[in-house]
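Structure, as structure tokens:
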Amino acid sequence: MTTSKRFLLFLLLAGSLSIGVSCLPSKEDASTSKPNILFILVDDLGKEWVTTYGGENIETPNIDALAATGMQFSNAYVMPQCTPTRLSFLTGQYPYRHGWVNHWDVPRWGGGCHYDWTLNPCISMVMKEAGYKSAIAGKWQINDFRVQPEAMTEIGFDDYCMWTGGEGKNPPSDERFWDPYIHTKEGSFIRKGEYGETMFVDFLIDFMKKHKDEPMFLYYPMVLTHTPFVTTPDELDVESDLDKHKAMVRYTDNVLGKLLQSLEDLKIRENTIIVWTTDNGTTGLITGHQDGRTVKGAKASTTEPGLCVPFIVNGPGLVPQGVKTDALIDVTDMLPTFAELGGGKLQEGYTCDGKSFADFILGKSQDSQRSWVLGMGGRNEAKLTEDGVENAFVFRDRVIREKRFKLYVSHKKEPEKLVDVLADPNEKTNLIDSDDPEAQAALARMSALISTFPERDNDPIYKPNPPQPWDVDITAQSETWKK
């Protein structure tokens with residue numbers, strides 16, 4: 001037997017042995033094979049509308065199957081509103097650091113404010129430098145494509161298909177569902193007769209077909225299930241807001257099923273890690289039911305339905321199946337996790353608040369690296385001044401969450417409420433003055449963290465864009481844009 005044949009036999013035996021022990025790759029294998037990563041971020045959907053999380057009066061079979069064949073997290077935190085969550089995902093930083101503590105709708109309100117990737121960390125650039133082909137489709141809303149038409153390319157995406165966001169003084173751009181206003185490399189146009197979410201998923205599938213032999217990073221920030229309540233291509237006759245909302249949830253599930261089938265057809269399903277989650281809780285206009293409880297939508301609230309969201313990770317042959325976990329993770333963890341999975345490096349010169357949970361989802365550790373997670377932001381309390389967009393509070397109120405206990409911290413940097421979220425899911429009882437030794441120990445642990453936060457929250461960090469005719473007038477700001 002020649003040396004080369006002996007070496008080949010050794011490789012085959014080693015491979016069969018490792019399969020017998022575990023179907024999971026080593027850390028070196030995970031980085032060199034570069035799994036595809038598909039990150040799906042649903043807009044405005046709480047656990048009470050997902051069956052596998054105890055949601056009632058709704059059917060989500062594809063989401064449920066994704067959880068059953070992957071890992072379902074019960075303690076995944078985002079920020080309670082759109083912009084803070086999205087910036088925390090992109091930067092791996094908490095809002096007090098990247099500055100977007102509050103929602104700021106850049107295309108609508110402008111004022112020179114925008115996500116400035118030249119001054120902030122950026123997950124798409126990390127993945128691009130790691131050798132990934134990358135695409136994004138859906139909602140962005142933190143740059144104005146009229147001012148920065150090439151923003152998506154400059155930020156590191158190879159291709160994109162975006163709803164522009166509602167642009168100031170451009171009414172057609174408000175449409176994201178039927179006849180959507182879409183921005184691609186060809187510019188921004190109304191797509192008559194189209195349905196936005198269908199366009200986005202078809203775009204991503206087409207991108208996968210073109211690049212199926214290369215590692216791909218796919219970011220899919222959906223426009224569903226955000227208001228306005230609308231019909232869907234599957235349910236054209238629904239009339240009430242509640243029935244439209246349910247139809248939108250079902251179409252969200254349908255879209256996932258379409259993506260999963262395409263991954264199978266392209267024979268890349270087993271090298272693709274899917275993360276499915278949402279950006280915050282459901283709109284307060286809708287009430288759902290979960291595990292026998294009535295749950296009012298809590299978007300913009302730091303109660304659990306506002307920021308403890310459904311979170312599922314799935315990857316056949318990569319991610320353990322049928323796991324339900326109480327491991328703590330939050331949205332800042334995506335950047336270091338995806339970087340580790342893809343063999344990338346974090347950009348130098350930036351602080352990352354996130355902690356990678358790559359080993360955990362690959363079955364290599366028993367828990368995440370976290371003993372607590374953080375949620376902050378919510379009610380729209382930012383304003384445009386002569387110095388740019390500024391937050392209303394020097395220190396924004398926030399919550400710190402362990403697996404059992406949760407501490408509300410006031411804008412005065414003081415503990416104000418302690419709850420046992422397991423025993424008291426509606427968060428009615430304040431345990432700060434409780435005689436329970438476990439509650440008091442938790443209060444001491446989390447109170448000690450308060451001093452580790454910066455004394456002052458940053459405002460959004462950016463070099464201002466030139467003034468535009470549609471910018472908010474800082475001398476006549478009204479409540480109409482505080483949504």
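By convention in this document, the chains of the structure tokens carry letters A, B, ... by their order, each chain's residues are numbered from 1, and ligands are numbered from 1 in the order they are shown.
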query: Tell me, which residues of segment 315-420 of chain A carry DSSP strand (DSSP E or B), written as a VMD selection string?
result: chain A and resid 323 to 330 373 to 376 378 382 to 385 388 to 391 398 to 401 405 to 409 415 to 420
Hey, can you spit out that residue selection with N, CA and C atoms as a CSV table (one decimal), in the first residue's frame?
```
chain,number,residue,atom,x,y,z
A,323,VAL,N,-34.0,20.3,21.0
A,323,VAL,CA,-33.5,20.9,22.2
A,323,VAL,C,-34.3,22.1,22.6
A,324,LYS,N,-34.8,22.1,23.8
A,324,LYS,CA,-35.4,23.3,24.4
A,324,LYS,C,-34.5,23.8,25.5
A,325,THR,N,-34.1,25.0,25.4
A,325,THR,CA,-33.1,25.5,26.4
A,325,THR,C,-33.5,26.8,27.0
A,326,ASP,N,-33.0,27.0,28.3
A,326,ASP,CA,-33.2,28.2,29.0
A,326,ASP,C,-31.9,29.0,29.0
A,327,ALA,N,-31.0,28.7,28.1
A,327,ALA,CA,-29.7,29.5,28.0
A,327,ALA,C,-30.0,30.9,27.7
A,328,LEU,N,-29.3,31.8,28.3
A,328,LEU,CA,-29.4,33.2,28.2
A,328,LEU,C,-28.6,33.7,26.9
A,329,ILE,N,-29.3,34.4,26.0
A,329,ILE,CA,-28.6,35.0,24.9
A,329,ILE,C,-29.3,36.3,24.6
A,330,ASP,N,-28.6,37.3,24.0
A,330,ASP,CA,-29.3,38.5,23.5
A,330,ASP,C,-28.8,38.9,22.1
A,373,VAL,N,-28.7,39.0,30.8
A,373,VAL,CA,-28.9,39.7,29.5
A,373,VAL,C,-29.5,41.1,29.8
A,374,LEU,N,-29.5,42.0,28.8
A,374,LEU,CA,-29.9,43.4,29.0
A,374,LEU,C,-31.0,43.8,28.0
A,375,GLY,N,-32.0,44.5,28.4
A,375,GLY,CA,-32.9,45.1,27.5
A,375,GLY,C,-33.1,46.6,27.8
A,376,MET,N,-33.1,47.5,26.8
A,376,MET,CA,-33.3,48.9,27.1
A,376,MET,C,-33.9,49.6,25.8
A,378,GLY,N,-37.2,51.7,23.9
A,378,GLY,CA,-38.7,51.6,23.9
A,378,GLY,C,-39.3,52.8,23.5
A,382,ALA,N,-36.4,60.5,21.7
A,382,ALA,CA,-35.3,61.1,21.1
A,382,ALA,C,-35.8,62.3,20.3
A,383,LYS,N,-34.9,63.3,20.1
A,383,LYS,CA,-35.3,64.5,19.4
A,383,LYS,C,-34.1,65.0,18.6
A,384,LEU,N,-34.5,65.8,17.6
A,384,LEU,CA,-33.5,66.4,16.7
A,384,LEU,C,-33.1,67.8,17.2
A,385,THR,N,-31.9,68.0,17.5
A,385,THR,CA,-31.4,69.3,18.0
A,385,THR,C,-30.4,69.8,17.0
A,388,GLY,N,-27.7,67.4,16.5
A,388,GLY,CA,-28.1,66.1,15.9
A,388,GLY,C,-29.1,65.4,16.7
A,389,VAL,N,-29.3,64.1,16.5
A,389,VAL,CA,-30.3,63.3,17.2
A,389,VAL,C,-29.8,63.0,18.6
A,390,GLU,N,-30.6,63.4,19.7
A,390,GLU,CA,-30.1,63.2,21.0
A,390,GLU,C,-31.2,62.4,21.8
A,391,ASN,N,-30.8,61.6,22.7
A,391,ASN,CA,-31.7,60.8,23.6
A,391,ASN,C,-32.2,61.7,24.7
A,398,ARG,N,-33.6,50.6,32.1
A,398,ARG,CA,-33.3,49.3,31.5
A,398,ARG,C,-33.7,48.1,32.4
A,399,VAL,N,-33.6,46.9,31.9
A,399,VAL,CA,-33.8,45.7,32.7
A,399,VAL,C,-32.6,44.8,32.5
A,400,ILE,N,-32.3,44.1,33.6
A,400,ILE,CA,-31.3,43.1,33.6
A,400,ILE,C,-32.0,41.8,34.0
A,401,ARG,N,-31.7,40.8,33.2
A,401,ARG,CA,-32.4,39.5,33.4
A,401,ARG,C,-31.5,38.3,33.6
A,405,PHE,N,-34.7,35.6,37.8
A,405,PHE,CA,-35.1,37.0,38.3
A,405,PHE,C,-34.7,38.1,37.3
A,406,LYS,N,-35.5,39.2,37.4
A,406,LYS,CA,-35.3,40.3,36.5
A,406,LYS,C,-35.4,41.6,37.3
A,407,LEU,N,-34.4,42.5,37.0
A,407,LEU,CA,-34.4,43.7,37.8
A,407,LEU,C,-34.6,44.9,36.8
A,408,TYR,N,-35.6,45.7,37.2
A,408,TYR,CA,-35.8,47.0,36.5
A,408,TYR,C,-34.9,48.1,37.1
A,409,VAL,N,-34.2,48.8,36.3
A,409,VAL,CA,-33.3,49.9,36.7
A,409,VAL,C,-33.8,51.2,36.2
A,415,PRO,N,-32.1,50.5,41.4
A,415,PRO,CA,-33.1,49.4,41.3
A,415,PRO,C,-34.5,49.8,41.7
A,416,GLU,N,-35.5,49.5,40.9
A,416,GLU,CA,-36.9,49.9,41.2
A,416,GLU,C,-37.9,48.8,41.3
A,417,LYS,N,-37.5,47.6,40.7
A,417,LYS,CA,-38.5,46.5,40.7
A,417,LYS,C,-37.7,45.2,40.5
A,418,LEU,N,-38.0,44.2,41.3
A,418,LEU,CA,-37.4,42.9,41.1
A,418,LEU,C,-38.5,41.9,40.9
A,419,VAL,N,-38.5,41.1,39.9
A,419,VAL,CA,-39.6,40.1,39.7
A,419,VAL,C,-39.0,38.7,39.5
A,420,ASP,N,-39.8,37.7,39.8
A,420,ASP,CA,-39.5,36.3,39.5
A,420,ASP,C,-40.3,36.0,38.3
```
Near-Leu90 of chain A list (12 Å; only C-alpha atoms; drop same-chain fewer than 3 positions) as JSON, numbers by chain: {"A": [39, 83, 84, 85, 86, 87, 93, 94, 95, 98, 100, 115, 116, 117, 120, 121, 122, 123, 124, 125, 126, 127, 140, 142, 155, 156, 219, 221, 331, 332, 333, 334, 335, 336, 338, 339, 346, 352, 353, 354]}
Go ahead and write the residues just picked, C-alpha atoms, as a tab-separated table (two decimals), in the first residue's frame.
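Written output follows (part_33.tsv):
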```tsv
chain	number	residue	atom	x	y	z
A	39	PHE	CA	-30.63	35.20	9.83
A	83	THR	CA	-34.10	50.60	15.76
A	84	PRO	CA	-32.33	49.68	19.03
A	85	THR	CA	-32.60	45.98	18.17
A	86	ARG	CA	-31.37	46.34	14.61
A	87	LEU	CA	-28.38	48.46	15.54
A	93	GLN	CA	-23.17	46.59	21.08
A	94	TYR	CA	-25.83	47.66	23.55
A	95	PRO	CA	-27.79	50.84	22.77
A	98	HIS	CA	-23.90	52.59	19.81
A	100	TRP	CA	-29.52	54.29	19.12
A	115	TYR	CA	-26.22	54.45	10.55
A	116	ASP	CA	-22.61	55.36	9.86
A	117	TRP	CA	-20.64	52.18	9.15
A	120	ASN	CA	-19.42	51.83	13.99
A	121	PRO	CA	-18.79	48.06	13.85
A	122	CYS	CA	-20.70	46.18	11.20
A	123	ILE	CA	-21.59	42.49	10.96
A	124	SER	CA	-21.89	42.47	7.16
A	125	MET	CA	-18.31	43.72	6.81
A	126	VAL	CA	-17.08	41.06	9.24
A	127	MET	CA	-18.74	38.34	7.17
A	140	TRP	CA	-33.51	48.56	6.82
A	142	ILE	CA	-31.56	53.35	9.25
A	155	ILE	CA	-21.77	48.33	3.97
A	156	GLY	CA	-20.67	44.97	2.59
A	219	TYR	CA	-29.85	38.70	6.33
A	221	PRO	CA	-35.25	41.49	8.08
A	331	VAL	CA	-29.21	40.28	20.19
A	332	THR	CA	-25.68	41.63	20.70
A	333	ASP	CA	-24.43	38.03	20.63
A	334	MET	CA	-25.16	37.58	16.92
A	335	LEU	CA	-22.05	39.37	15.65
A	336	PRO	CA	-19.46	37.37	17.63
A	338	PHE	CA	-21.65	34.51	13.32
A	339	ALA	CA	-18.02	35.61	13.14
A	346	LEU	CA	-14.23	41.21	14.84
A	352	CYS	CA	-18.23	44.22	21.58
A	353	ASP	CA	-20.84	43.64	24.27
A	354	GLY	CA	-21.98	40.37	22.73
```
- prompt: Near segment 443-458 of chain A, counting only C-alpha atoms, which residues have an atom at most 6 Å away, once you skip same-chain residues fewer than 5 positions from it, shown as an NGL selection string?
  reply: :A and (96-97 or 99 or 394-395)
Suppose we keep N, CA and C atoms; can you now write the selection as a PDB file, in the first residue's frame?
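Contents of the output file again_30.pdb:
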```pdb
ATOM      1  N   TYR A  96     -26.716  51.762  24.777  1.00  0.00           N
ATOM      2  CA  TYR A  96     -26.006  52.821  25.481  1.00  0.00           C
ATOM      3  C   TYR A  96     -24.627  53.070  24.861  1.00  0.00           C
ATOM      4  N   ARG A  97     -24.121  52.097  24.086  1.00  0.00           N
ATOM      5  CA  ARG A  97     -22.809  52.247  23.458  1.00  0.00           C
ATOM      6  C   ARG A  97     -22.918  52.749  22.023  1.00  0.00           C
ATOM      7  N   GLY A  99     -25.563  54.124  20.714  1.00  0.00           N
ATOM      8  CA  GLY A  99     -26.272  55.391  20.770  1.00  0.00           C
ATOM      9  C   GLY A  99     -27.713  55.381  20.314  1.00  0.00           C
ATOM     10  N   VAL A 394     -30.032  60.980  30.016  1.00  0.00           N
ATOM     11  CA  VAL A 394     -28.596  60.761  30.120  1.00  0.00           C
ATOM     12  C   VAL A 394     -28.330  59.278  30.359  1.00  0.00           C
ATOM     13  N   PHE A 395     -29.163  58.651  31.191  1.00  0.00           N
ATOM     14  CA  PHE A 395     -29.065  57.225  31.484  1.00  0.00           C
ATOM     15  C   PHE A 395     -30.458  56.639  31.319  1.00  0.00           C
TER      16      PHE A 395
END
```
query: Looking only at the backbone, which of the residues in segment 114-342 of chain A does DSSP tag as helix (DSSP H, G or I), as an MDAnalysis selection string?
result: chainID A and resid 123:129 151:154 171:174 196:211 241:265 269:271 304:307 331:341
Using the selection just defined, write its residues with C-alpha atoms as a PDB file, in the first residue's frame.
```
ATOM      1  CA  ILE A 123     -21.589  42.494  10.964  1.00  0.00           C
ATOM      2  CA  SER A 124     -21.887  42.466   7.158  1.00  0.00           C
ATOM      3  CA  MET A 125     -18.314  43.724   6.813  1.00  0.00           C
ATOM      4  CA  VAL A 126     -17.077  41.063   9.239  1.00  0.00           C
ATOM      5  CA  MET A 127     -18.744  38.337   7.170  1.00  0.00           C
ATOM      6  CA  LYS A 128     -17.534  39.806   3.872  1.00  0.00           C
ATOM      7  CA  GLU A 129     -13.956  39.842   5.134  1.00  0.00           C
ATOM      8  CA  ALA A 151     -25.418  52.198   1.246  1.00  0.00           C
ATOM      9  CA  MET A 152     -26.094  48.457   1.085  1.00  0.00           C
ATOM     10  CA  THR A 153     -23.130  47.803  -1.207  1.00  0.00           C
ATOM     11  CA  GLU A 154     -20.807  50.064   0.749  1.00  0.00           C
ATOM     12  CA  PRO A 171     -46.105  58.968   0.151  1.00  0.00           C
ATOM     13  CA  PRO A 172     -45.694  55.975  -2.219  1.00  0.00           C
ATOM     14  CA  SER A 173     -42.716  54.835  -0.152  1.00  0.00           C
ATOM     15  CA  ASP A 174     -44.990  54.057   2.793  1.00  0.00           C
ATOM     16  CA  GLY A 196     -43.313  42.917  -0.794  1.00  0.00           C
ATOM     17  CA  GLU A 197     -42.619  39.820   1.287  1.00  0.00           C
ATOM     18  CA  THR A 198     -42.965  37.578  -1.754  1.00  0.00           C
ATOM     19  CA  MET A 199     -40.448  39.724  -3.632  1.00  0.00           C
ATOM     20  CA  PHE A 200     -37.948  39.521  -0.785  1.00  0.00           C
ATOM     21  CA  VAL A 201     -38.044  35.746  -0.402  1.00  0.00           C
ATOM     22  CA  ASP A 202     -37.875  35.216  -4.185  1.00  0.00           C
ATOM     23  CA  PHE A 203     -34.852  37.528  -4.314  1.00  0.00           C
ATOM     24  CA  LEU A 204     -33.068  35.552  -1.603  1.00  0.00           C
ATOM     25  CA  ILE A 205     -33.831  32.249  -3.313  1.00  0.00           C
ATOM     26  CA  ASP A 206     -32.450  33.597  -6.584  1.00  0.00           C
ATOM     27  CA  PHE A 207     -29.295  34.757  -4.800  1.00  0.00           C
ATOM     28  CA  MET A 208     -28.870  31.306  -3.248  1.00  0.00           C
ATOM     29  CA  LYS A 209     -29.159  29.687  -6.664  1.00  0.00           C
ATOM     30  CA  LYS A 210     -26.374  31.911  -8.006  1.00  0.00           C
ATOM     31  CA  HIS A 211     -24.024  31.366  -5.072  1.00  0.00           C
ATOM     32  CA  ASP A 241     -57.484  43.651  12.002  1.00  0.00           C
ATOM     33  CA  LEU A 242     -57.180  40.491  14.061  1.00  0.00           C
ATOM     34  CA  ASP A 243     -57.863  38.225  11.100  1.00  0.00           C
ATOM     35  CA  LYS A 244     -55.409  40.182   8.955  1.00  0.00           C
ATOM     36  CA  HIS A 245     -52.787  39.874  11.679  1.00  0.00           C
ATOM     37  CA  LYS A 246     -53.315  36.118  11.820  1.00  0.00           C
ATOM     38  CA  ALA A 247     -53.048  35.939   8.034  1.00  0.00           C
ATOM     39  CA  MET A 248     -49.784  37.883   8.206  1.00  0.00           C
ATOM     40  CA  VAL A 249     -48.420  35.464  10.805  1.00  0.00           C
ATOM     41  CA  ARG A 250     -49.407  32.511   8.662  1.00  0.00           C
ATOM     42  CA  TYR A 251     -47.714  34.080   5.622  1.00  0.00           C
ATOM     43  CA  THR A 252     -44.600  34.595   7.740  1.00  0.00           C
ATOM     44  CA  ASP A 253     -44.679  30.854   8.382  1.00  0.00           C
ATOM     45  CA  ASN A 254     -45.307  30.168   4.685  1.00  0.00           C
ATOM     46  CA  VAL A 255     -42.257  32.221   3.688  1.00  0.00           C
ATOM     47  CA  LEU A 256     -40.059  30.182   6.029  1.00  0.00           C
ATOM     48  CA  GLY A 257     -41.342  26.977   4.470  1.00  0.00           C
ATOM     49  CA  LYS A 258     -40.496  28.289   1.010  1.00  0.00           C
ATOM     50  CA  LEU A 259     -36.937  29.102   2.056  1.00  0.00           C
ATOM     51  CA  LEU A 260     -36.481  25.690   3.676  1.00  0.00           C
ATOM     52  CA  GLN A 261     -37.685  23.908   0.544  1.00  0.00           C
ATOM     53  CA  SER A 262     -35.301  25.946  -1.615  1.00  0.00           C
ATOM     54  CA  LEU A 263     -32.361  25.039   0.611  1.00  0.00           C
ATOM     55  CA  GLU A 264     -33.319  21.375   0.195  1.00  0.00           C
ATOM     56  CA  ASP A 265     -33.701  21.699  -3.569  1.00  0.00           C
ATOM     57  CA  ARG A 269     -29.660  22.575   3.696  1.00  0.00           C
ATOM     58  CA  GLU A 270     -27.163  20.524   5.688  1.00  0.00           C
ATOM     59  CA  ASN A 271     -24.516  23.235   5.487  1.00  0.00           C
ATOM     60  CA  GLU A 304     -41.189  40.089  28.989  1.00  0.00           C
ATOM     61  CA  PRO A 305     -43.610  40.031  26.015  1.00  0.00           C
ATOM     62  CA  GLY A 306     -41.854  43.144  24.694  1.00  0.00           C
ATOM     63  CA  LEU A 307     -38.287  41.852  24.592  1.00  0.00           C
ATOM     64  CA  VAL A 331     -29.212  40.282  20.187  1.00  0.00           C
ATOM     65  CA  THR A 332     -25.676  41.628  20.695  1.00  0.00           C
ATOM     66  CA  ASP A 333     -24.430  38.033  20.629  1.00  0.00           C
ATOM     67  CA  MET A 334     -25.161  37.576  16.924  1.00  0.00           C
ATOM     68  CA  LEU A 335     -22.054  39.366  15.651  1.00  0.00           C
ATOM     69  CA  PRO A 336     -19.456  37.371  17.626  1.00  0.00           C
ATOM     70  CA  THR A 337     -21.412  34.133  17.097  1.00  0.00           C
ATOM     71  CA  PHE A 338     -21.647  34.506  13.320  1.00  0.00           C
ATOM     72  CA  ALA A 339     -18.023  35.613  13.145  1.00  0.00           C
ATOM     73  CA  GLU A 340     -16.904  32.484  15.000  1.00  0.00           C
ATOM     74  CA  LEU A 341     -19.095  30.200  12.904  1.00  0.00           C
TER      75      LEU A 341
END
```
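In this structure, atom CA of Phe311 of chain A sits 29.1 Å away from atom CA of Thr184 of chain A.
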task: Give me, please, the distance in Å between atom CA of Tyr181 of chain A and atom CA of Thr164 of chain A, quoted to one decimal.
output: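 Value for the atom CA of Tyr181 of chain A-atom CA of Thr164 of chain A distance: 6.5 Å.
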- request: Give me the residues within 12 Å of Ile312 of chain A as a count of residues only, counting only C-alpha atoms and dropping any in the same chain fewer than 5 places off.
  value: 38
- request: For Gln369 of chain A, please output as number ranges by chain all residues within 8 Å (counting only C-alpha atoms; exclusion window: fewer than 6 positions along the same chain).
  value: A: 355-357
- prompt: Using only C-alpha atoms, which of the listed residues (A:Met222, A:Val230, A:Ile432, A:Met216) sits closest to Ser33 of chain A?
  reply: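 Result for the nearest residue to Ser33 of chain A: A:Met216.
Note that the spacing between atom CA of Gly288 of chain A and atom CA of Asn314 of chain A amounts to 26.1 Å.
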task: Find, counting only C-alpha atoms, the residue in A:Phe145, A:Phe360, A:Phe157, A:Phe217 that gets nearest to Pro107 of chain A.
output: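 Distance minimum relative to Pro107 of chain A lands on A:Phe145.
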- request: Just the residues within 10 Å of Ala392 of chain A, please, counting only C-alpha atoms, with nothing from its chain fewer than 6 positions along; format it as an NGL selection string.
  value: :A and (101-102 or 380-383 or 459)
Emit the selected residues as a compact mmCIF listing (two decimals), in the first residue's frame, including N, CA and C atoms.
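Result file follows (again_7.txt):
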```
# COMPACT_ATOMS: atom_id res chain seq x y z
N VAL A 101 -30.55 54.44 21.28
CA VAL A 101 -31.33 53.99 22.43
C VAL A 101 -32.82 54.00 22.11
N ASN A 102 -33.21 54.87 21.21
CA ASN A 102 -34.62 55.02 20.84
C ASN A 102 -34.81 54.77 19.35
N ASN A 380 -40.56 56.25 22.28
CA ASN A 380 -39.76 57.11 21.42
C ASN A 380 -39.42 58.42 22.12
N GLU A 381 -38.26 58.49 22.68
CA GLU A 381 -37.87 59.66 23.43
C GLU A 381 -36.52 60.16 22.95
N ALA A 382 -36.45 60.45 21.66
CA ALA A 382 -35.28 61.09 21.05
C ALA A 382 -35.77 62.31 20.32
N LYS A 383 -34.89 63.27 20.12
CA LYS A 383 -35.28 64.48 19.41
C LYS A 383 -34.12 65.00 18.58
N ASP A 459 -25.31 59.17 22.37
CA ASP A 459 -26.27 59.48 21.32
C ASP A 459 -25.79 58.76 20.06
```
